[in-house]
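A.B. asks: Enclosed is the structure file my_file.cif (mmCIF, C-alpha atoms).
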```cif
data_model
loop_
_atom_site.label_atom_id
_atom_site.label_comp_id
_atom_site.auth_asym_id
_atom_site.auth_seq_id
_atom_site.Cartn_x
_atom_site.Cartn_y
_atom_site.Cartn_z
CA LEU A 1 -18.54 -21.06 -6.35
CA ASN A 2 -17.62 -18.88 -9.32
CA THR A 3 -18.50 -15.79 -7.29
CA VAL A 4 -16.26 -16.93 -4.43
CA LEU A 5 -13.41 -17.60 -6.86
CA SER A 6 -13.88 -14.18 -8.44
CA ILE A 7 -13.73 -12.50 -5.04
CA LYS A 8 -10.56 -14.45 -4.18
CA GLN A 9 -9.03 -13.47 -7.52
CA CYS A 10 -9.84 -9.80 -6.87
CA PHE A 11 -8.18 -9.94 -3.45
CA TRP A 12 -5.17 -11.71 -4.98
CA ILE A 13 -4.81 -9.01 -7.65
CA ILE A 14 -5.14 -6.25 -5.04
CA GLY A 15 -2.57 -8.03 -2.87
CA MET A 16 -0.13 -8.26 -5.76
CA LYS A 17 -0.60 -4.55 -6.50
CA PHE A 18 0.22 -3.66 -2.91
CA LYS A 19 3.19 -6.04 -2.98
CA TYR A 20 4.81 -4.23 -5.89
CA MET A 21 3.49 -0.77 -5.03
CA ASP A 22 5.92 2.02 -4.38
CA ILE A 23 4.75 2.80 -0.86
CA ALA A 24 6.55 6.16 -0.76
CA SER A 25 4.28 7.62 -3.45
CA VAL A 26 1.11 6.45 -1.69
CA VAL A 27 2.24 7.64 1.75
CA GLY A 28 3.35 11.00 0.36
CA LEU A 29 0.08 11.57 -1.52
CA VAL A 30 -2.14 10.54 1.39
CA ALA A 31 -0.06 12.50 3.91
CA ALA A 32 -0.27 15.67 1.80
CA PHE A 33 -4.06 15.50 1.63
CA VAL A 34 -4.36 14.63 5.33
CA LEU A 35 -2.23 17.62 6.34
CA ILE A 36 -4.23 19.95 4.08
CA VAL A 37 -7.54 18.68 5.49
CA MET A 38 -6.24 19.03 9.07
CA ALA A 39 -5.28 22.64 8.37
CA MET A 40 -8.79 23.36 7.07
CA GLY A 41 -10.44 22.79 10.41
CA ASP A 42 -13.95 22.22 9.03
CA PRO A 43 -13.46 20.58 5.58
CA SER A 44 -17.12 21.05 4.64
CA VAL A 45 -16.50 24.78 4.30
CA PHE A 46 -14.07 24.04 1.47
CA VAL A 47 -16.48 21.89 -0.52
CA ASP A 48 -18.24 23.75 -3.31
CA VAL A 49 -19.91 21.90 -6.19
CA PRO A 50 -19.64 24.70 -8.81
CA SER A 51 -15.93 25.04 -8.05
CA VAL A 52 -15.43 21.28 -8.43
CA LEU A 53 -17.24 21.32 -11.77
CA ILE A 54 -15.16 24.20 -13.08
CA VAL A 55 -11.74 22.96 -11.97
CA ILE A 56 -11.92 19.17 -11.97
CA GLY A 57 -14.50 18.82 -14.73
CA GLY A 58 -12.96 21.62 -16.78
CA THR A 59 -9.42 20.25 -16.41
CA ALA A 60 -10.51 16.73 -17.42
CA ALA A 61 -12.43 18.02 -20.44
CA THR A 62 -9.61 20.30 -21.58
CA VAL A 63 -6.99 17.57 -21.20
CA LEU A 64 -9.19 15.27 -23.26
CA ASN A 65 -9.24 17.96 -25.92
CA THR A 66 -5.46 17.72 -26.21
CA THR A 67 -5.34 13.99 -26.96
CA THR A 68 -7.29 10.97 -28.15
CA ILE A 69 -9.21 8.39 -26.14
CA PRO A 70 -6.44 5.75 -26.58
CA GLY A 71 -3.89 8.40 -25.66
CA LEU A 72 -5.83 9.29 -22.51
CA ILE A 73 -6.13 5.64 -21.51
CA GLY A 74 -2.40 5.19 -22.05
CA ALA A 75 -1.66 8.29 -19.96
CA ILE A 76 -3.84 6.94 -17.13
CA LYS A 77 -1.89 3.67 -17.22
CA VAL A 78 1.39 5.59 -17.11
CA PHE A 79 0.07 7.71 -14.22
CA LEU A 80 -0.88 4.57 -12.28
CA LYS A 81 2.52 3.09 -13.10
CA SER A 82 4.19 6.01 -11.34
CA ILE A 83 2.21 5.17 -8.19
CA LEU A 84 1.58 1.43 -8.22
CA ASN A 85 4.80 0.06 -9.71
CA SER A 86 8.10 -0.32 -7.93
CA THR A 87 11.06 -0.81 -10.27
CA ASP A 88 13.21 -3.87 -9.61
CA PRO A 89 16.51 -2.98 -7.90
CA PRO A 90 19.44 -3.32 -10.34
CA GLU A 91 21.12 -5.66 -7.86
CA LYS A 92 18.25 -8.14 -8.15
CA ILE A 93 18.33 -7.88 -11.92
CA ILE A 94 22.03 -8.78 -11.99
CA GLU A 95 21.52 -11.71 -9.63
CA GLN A 96 18.81 -13.19 -11.84
CA LEU A 97 20.84 -12.61 -15.00
CA VAL A 98 23.80 -14.47 -13.47
CA GLU A 99 21.46 -17.31 -12.53
CA LEU A 100 20.01 -17.49 -16.05
CA GLY A 101 23.47 -17.28 -17.59
CA THR A 102 24.67 -20.15 -15.42
CA ILE A 103 21.73 -22.32 -16.49
CA ALA A 104 22.30 -21.48 -20.16
CA LYS A 105 26.03 -22.25 -19.89
CA LYS A 106 25.40 -25.56 -18.19
CA ASP A 107 22.29 -26.92 -19.95
CA GLY A 108 21.90 -24.78 -23.07
CA PHE A 109 19.45 -22.05 -24.02
CA VAL A 110 16.52 -24.46 -24.18
CA ALA A 111 16.79 -24.97 -20.40
CA LEU A 112 15.81 -21.31 -19.92
CA GLU A 113 12.33 -21.96 -21.26
CA GLY A 114 10.98 -23.25 -17.96
CA GLN A 115 12.40 -20.48 -15.81
CA GLU A 116 10.05 -18.09 -13.99
CA ILE A 117 10.87 -14.54 -15.10
CA LYS A 118 8.59 -11.78 -13.84
CA ASN A 119 10.33 -8.92 -15.63
CA PRO A 120 8.62 -8.77 -19.08
CA PHE A 121 11.62 -7.20 -20.80
CA MET A 122 13.94 -9.89 -19.47
CA ALA A 123 11.42 -12.57 -20.42
CA ARG A 124 11.38 -11.20 -23.97
CA GLY A 125 15.15 -11.39 -24.24
CA VAL A 126 15.32 -14.90 -22.80
CA ARG A 127 12.58 -16.06 -25.16
CA MET A 128 14.66 -14.91 -28.12
CA LEU A 129 17.64 -16.81 -26.72
CA VAL A 130 15.54 -19.96 -26.48
CA ASP A 131 14.32 -19.45 -30.06
CA GLY A 132 17.91 -19.13 -31.32
CA THR A 133 17.40 -15.60 -32.65
CA ASP A 134 20.34 -13.94 -34.35
CA PRO A 135 22.21 -11.63 -31.91
CA VAL A 136 21.91 -8.65 -34.27
CA LEU A 137 18.15 -9.11 -34.32
CA ILE A 138 18.06 -9.53 -30.53
CA LYS A 139 19.91 -6.25 -30.05
CA GLN A 140 17.73 -4.44 -32.58
CA SER A 141 14.50 -5.82 -31.10
CA MET A 142 15.37 -4.98 -27.51
CA GLU A 143 16.59 -1.49 -28.37
CA THR A 144 13.38 -0.86 -30.30
CA GLU A 145 11.38 -1.99 -27.29
CA MET A 146 13.36 0.40 -25.06
CA ASP A 147 12.62 3.26 -27.44
CA GLN A 148 8.90 2.40 -27.41
CA ILE A 149 8.82 2.27 -23.61
CA LYS A 150 10.50 5.66 -23.43
CA SER A 151 8.05 7.05 -26.00
CA ARG A 152 5.04 5.80 -24.01
CA HIS A 153 6.42 7.25 -20.80
CA GLN A 154 7.09 10.58 -22.52
CA SER A 155 3.59 10.74 -23.97
CA GLY A 156 2.07 10.06 -20.57
CA ASN A 157 4.39 12.58 -18.93
CA ASP A 158 3.42 15.23 -21.49
CA LEU A 159 -0.26 14.66 -20.79
CA LEU A 160 0.34 14.92 -17.06
CA GLY A 161 2.19 18.15 -17.79
CA ASN A 162 -0.84 19.45 -19.68
CA ALA A 163 -3.06 18.63 -16.70
CA GLN A 164 -0.60 20.32 -14.35
CA ASP A 165 -0.71 23.50 -16.43
CA LEU A 166 -4.46 23.44 -17.06
CA ALA A 167 -5.64 22.90 -13.47
CA PRO A 168 -4.43 26.33 -12.23
CA ALA A 169 -5.72 27.90 -15.45
CA MET A 170 -9.19 26.47 -14.81
CA GLY A 171 -8.87 27.73 -11.25
CA MET A 172 -8.23 31.22 -12.60
CA ILE A 173 -11.23 30.93 -14.91
CA GLY A 174 -13.32 29.93 -11.89
CA THR A 175 -11.99 32.94 -10.00
CA LEU A 176 -13.08 35.26 -12.81
CA VAL A 177 -16.47 33.56 -13.00
CA GLY A 178 -16.95 34.03 -9.25
CA LEU A 179 -15.94 37.70 -9.44
CA VAL A 180 -18.33 38.35 -12.33
CA ILE A 181 -21.19 36.70 -10.42
CA MET A 182 -20.30 38.69 -7.30
CA LEU A 183 -20.14 42.02 -9.13
CA GLY A 184 -23.43 41.27 -10.86
CA ASN A 185 -25.17 40.69 -7.53
CA MET A 186 -23.81 43.51 -5.38
CA SER A 187 -27.35 44.45 -4.47
CA ASP A 188 -28.03 40.99 -3.06
CA PRO A 189 -25.80 40.31 -0.02
CA LYS A 190 -26.88 36.65 0.08
CA ALA A 191 -25.36 36.03 -3.35
CA LEU A 192 -21.96 37.46 -2.47
CA GLY A 193 -20.88 34.54 -0.27
CA PRO A 194 -21.39 31.73 -2.84
CA ALA A 195 -19.81 33.86 -5.58
CA MET A 196 -16.78 34.62 -3.42
CA ALA A 197 -16.50 30.91 -2.57
CA ILE A 198 -16.29 30.06 -6.28
CA ALA A 199 -13.71 32.78 -6.82
CA ILE A 200 -11.41 31.58 -4.04
CA LEU A 201 -11.99 27.82 -3.96
CA THR A 202 -11.38 27.32 -7.67
CA THR A 203 -7.91 28.81 -7.26
CA LEU A 204 -7.32 26.54 -4.26
CA TYR A 205 -8.53 23.44 -6.10
CA GLY A 206 -6.36 24.23 -9.12
CA ALA A 207 -3.25 24.73 -6.97
CA ILE A 208 -3.83 21.48 -5.04
CA ILE A 209 -4.46 19.38 -8.14
CA ALA A 210 -1.43 20.77 -9.97
CA ASN A 211 1.08 20.68 -7.12
CA VAL A 212 -0.07 17.75 -4.97
CA ILE A 213 -1.13 15.28 -7.67
CA PHE A 214 0.24 15.98 -11.14
CA MET A 215 3.61 17.60 -10.44
CA PRO A 216 4.82 14.82 -8.07
CA ALA A 217 3.45 12.19 -10.46
CA ARG A 218 5.52 13.66 -13.30
CA LYS A 219 8.68 13.72 -11.19
CA LYS A 220 8.10 10.16 -10.03
CA LEU A 221 7.44 8.97 -13.57
CA GLU A 222 10.73 10.50 -14.70
CA ALA A 223 12.52 8.60 -11.93
CA VAL A 224 10.71 5.36 -12.80
CA ASP A 225 11.57 5.81 -16.48
CA ALA A 226 15.26 6.40 -15.71
CA ALA A 227 15.43 3.34 -13.42
CA GLU A 228 13.62 1.16 -15.95
CA ARG A 229 15.94 2.26 -18.75
CA ILE A 230 18.97 1.30 -16.65
CA ASN A 231 17.47 -2.12 -15.92
CA ASN A 232 16.57 -2.71 -19.56
CA GLN A 233 20.03 -1.70 -20.77
CA MET A 234 21.60 -4.11 -18.28
CA ILE A 235 19.29 -6.88 -19.46
CA THR A 236 20.13 -6.18 -23.10
CA ASP A 237 23.87 -6.23 -22.47
CA ALA A 238 23.64 -9.42 -20.40
CA VAL A 239 21.40 -11.26 -22.87
CA LEU A 240 23.84 -10.52 -25.69
CA PHE A 241 26.74 -11.60 -23.46
CA ILE A 242 24.98 -14.88 -22.61
CA GLN A 243 24.15 -15.45 -26.29
CA SER A 244 27.83 -15.05 -27.18
CA GLY A 245 28.74 -17.83 -24.73
CA GLY A 246 30.37 -15.61 -22.15
CA ASN A 247 31.17 -16.81 -18.65
CA PRO A 248 28.15 -15.90 -16.43
CA ARG A 249 30.48 -15.12 -13.52
CA LEU A 250 31.68 -12.13 -15.54
CA ILE A 251 28.19 -10.61 -15.84
CA PRO A 252 28.57 -8.57 -12.58
CA ASP A 253 31.83 -7.14 -13.90
CA LEU A 254 30.08 -6.29 -17.16
CA LEU A 255 27.19 -4.51 -15.44
CA ILE A 256 28.79 -3.18 -12.26
CA GLY A 257 28.98 0.32 -13.74
CA PHE A 258 25.19 0.56 -13.56
CA ILE A 259 25.23 0.03 -9.78
CA ILE A 260 25.82 2.84 -7.31
CA PRO A 261 29.23 2.40 -5.59
CA GLY A 262 27.71 1.70 -2.18
CA ASN A 263 25.91 -1.41 -3.44
CA ARG A 264 28.63 -2.90 -5.64
CA ALA A 265 30.22 -4.98 -2.90
CA LYS A 266 26.79 -6.36 -2.00
CA VAL A 267 26.24 -7.44 -5.61
CA GLN A 268 29.61 -9.14 -5.82
CA ALA A 269 28.93 -10.98 -2.56
CA ALA A 270 25.45 -12.06 -3.67
CA VAL A 271 26.72 -13.64 -6.90
CA GLY A 272 29.82 -15.07 -5.35
CA GLY A 273 32.19 -12.61 -6.97
#
```
For this file, produce the structure as structure tokens.

C.D. replies:
Amino acid sequence: LNTVLSIKQCFWIIGMKFKYMDIASVVGLVAAFVLIVMAMGDPSVFVDVPSVLIVIGGTAATVLNTTTIPGLIGAIKVFLKSILNSTDPPEKIIEQLVELGTIAKKDGFVALEGQEIKNPFMARGVRMLVDGTDPVLIKQSMETEMDQIKSRHQSGNDLLGNAQDLAPAMGMIGTLVGLVIMLGNMSDPKALGPAMAIAILTTLYGAIIANVIFMPARKKLEAVDAAERINNQMITDAVLFIQSGGNPRLIPDLLIGFIIPGNRAKVQAAVGG
């Protein structure tokens, strides 16, 4: 029974990941590799174990040399965040903030305690409202949290940048290794093919890893970070507005500047503005 429950829990977790996954990143990554493999004709020709060890193994080892184990784990989480997480649309954030503000205005801050809030940053702000935290402390705490989120994203982005730079460098090292092996075995024609494969494939592997995996991941992470900062700033402003006793119907007017012009009418309609 426990095994069955564990399997169900695993499928539930996987399902939730797919639910909130940014499908564009997954489709783009898979499509890029599919197109490259299709262009290869016979993919087995492009598989070379020494080249894999030099580029992939060498890149991983060198990146590890630039950080710590906790830093590497954090960077992996940030990398996965750029693929698996889809940032909440600002319009949805405003709608929920108006709903929470209406509840707080009608029944008091304590009534917010039982509300389901999936956004952890919003949940943190609402929890401080329920606890009756001083508004100055709320502002300071939430701004500190925003700074820490940005710092974590930046650290992960820097590590991805290191990997992006190091993969082609390891490819070049592999090319030199292959050329040295080839020149040292000019008298043995059978050794020239494997050596040339190392020389060429390592450059190919390095270019693919850098430009298909790490470079798009960095760009996506920058976009995710920017979107998350906008959401968190909206939440901070709205939480402080609710704490001050402001009319929740004015929250869209307070935050409308964060919304792109094309979606502002939709927000106003959704909240009854």

A.B. asks: Exactly which residues make up the result of the PyMOL selection byres ((chain A and resi 72-82) around 6) on this file, given as a ChimeraX atom specification?

C.D. replies: /A:69-71,83-85,156,220-221

A.B. asks: When you count all atoms listed in the file, which of these residues is closest to Ile209 in chain A: A:Leu35, A:Ile242, A:Val224, A:Leu160?

C.D. replies: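 That would be A:Leu160, the residue with the smallest distance to Ile209 in chain A.
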
A.B. asks: Between CA of Thr175 in chain A and CA of Ala217 in chain A, what is the distance, to one decimal in Å?

C.D. replies: 25.9 Å

A.B. asks: Could you pull the residues within 12 Å of Asn211 in chain A, counting all atoms listed in the file, minus those fewer than 5 positions along the same chain, as a PDB file with C-alpha atoms, in the coordinates of the input?

C.D. replies:
```
ATOM      1  CA  LEU A  29       0.080  11.570  -1.520  1.00  0.00           C
ATOM      2  CA  ALA A  32      -0.270  15.670   1.800  1.00  0.00           C
ATOM      3  CA  PHE A  33      -4.060  15.500   1.630  1.00  0.00           C
ATOM      4  CA  LEU A 160       0.340  14.920 -17.060  1.00  0.00           C
ATOM      5  CA  GLY A 161       2.190  18.150 -17.790  1.00  0.00           C
ATOM      6  CA  ALA A 163      -3.060  18.630 -16.700  1.00  0.00           C
ATOM      7  CA  GLN A 164      -0.600  20.320 -14.350  1.00  0.00           C
ATOM      8  CA  ASP A 165      -0.710  23.500 -16.430  1.00  0.00           C
ATOM      9  CA  LEU A 166      -4.460  23.440 -17.060  1.00  0.00           C
ATOM     10  CA  ALA A 167      -5.640  22.900 -13.470  1.00  0.00           C
ATOM     11  CA  PRO A 168      -4.430  26.330 -12.230  1.00  0.00           C
ATOM     12  CA  LEU A 204      -7.320  26.540  -4.260  1.00  0.00           C
ATOM     13  CA  TYR A 205      -8.530  23.440  -6.100  1.00  0.00           C
ATOM     14  CA  GLY A 206      -6.360  24.230  -9.120  1.00  0.00           C
ATOM     15  CA  PRO A 216       4.820  14.820  -8.070  1.00  0.00           C
ATOM     16  CA  ALA A 217       3.450  12.190 -10.460  1.00  0.00           C
ATOM     17  CA  ARG A 218       5.520  13.660 -13.300  1.00  0.00           C
ATOM     18  CA  LYS A 219       8.680  13.720 -11.190  1.00  0.00           C
TER      19      LYS A 219
END
```

A.B. asks: Calculate how many Å separate CA of Lys105 in chain A from CA of Ile138 in chain A, rounding to one decimal.

C.D. replies: 18.4 Å

A.B. asks: Using all atoms listed in the file, list the residues that have an atom at most 12 Å from (13.8, -14.0, -28.7), coordinates as in the file, as number ranges by chain.

C.D. replies: A: 109-110, 112-113, 121-142, 236, 239-240, 243

A.B. asks: Restricting the calculation to all atoms listed in the file, which member of A:Ile260, A:Ala111, A:Leu255, A:Leu176 is positioned closest to Ile235 in chain A?

C.D. replies: A:Leu255

A.B. asks: Set up a box along x, y and z of the file covering all listed atoms of range 231-238 of chain A, add 3 Å on every one of the six sides, and write the centre and edge lengths in Å to one decimal, as lines of an AutoDock Vina configuration file.

C.D. replies:
```
center_x = 20.2
center_y = -5.6
center_z = -19.5
size_x = 13.3
size_y = 13.7
size_z = 13.2
```

A.B. asks: Using all atoms listed in the file for the distances, tell me which of A:Ile173, A:Met40, A:Ile198, A:Ala226 is nearest to Gln154 in chain A.

C.D. replies: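 Among the listed residues, the smallest separation from Gln154 in chain A belongs to A:Ala226.
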
A.B. asks: So which one's closest to Glu91 in chain A, A:Ser151, A:Gln233, A:Thr68, A:Gln268? Using only C-alpha atoms, please.

C.D. replies: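 With only C-alpha atoms as the atom set, the closest residue is A:Gln268.
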
A.B. asks: Tell me, in Å to one decimal, how far CA of Pro120 in chain A is from CA of Glu145 in chain A.

C.D. replies: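 Computing the Euclidean distance for CA of Pro120 in chain A and CA of Glu145 in chain A yields 11.0 Å.
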
A.B. asks: Using the chain letters and numbers from this file, what does the PyMOL selection byres ((chain A and resi 55) around 7) select? Give the answer as a ChimeraX atom specification.

C.D. replies: /A:51-54,56-59,167,170-171,202,205-206

A.B. asks: For each of A:Ile256, A:Arg229, A:Gly178, A:Val267, take the minimum atom-to-atom distance to Lys150 in chain A, counting only C-alpha atoms, then give the residue where this is smallest.

C.D. replies: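 Ranked by minimum distance to Lys150 in chain A, first place goes to A:Arg229.
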
A.B. asks: Pick from A:Ile230, A:Val26, A:Ala31, A:Ile200: nearest to Phe258 in chain A, with only C-alpha atoms counted?

C.D. replies: A:Ile230

A.B. asks: Within 10 Å of range 188-192 of chain A, counting all atoms listed in the file, which residues qualify if same-chain residues fewer than 6 places away don't, as number ranges by chain?

C.D. replies: A: 178-179, 181-182
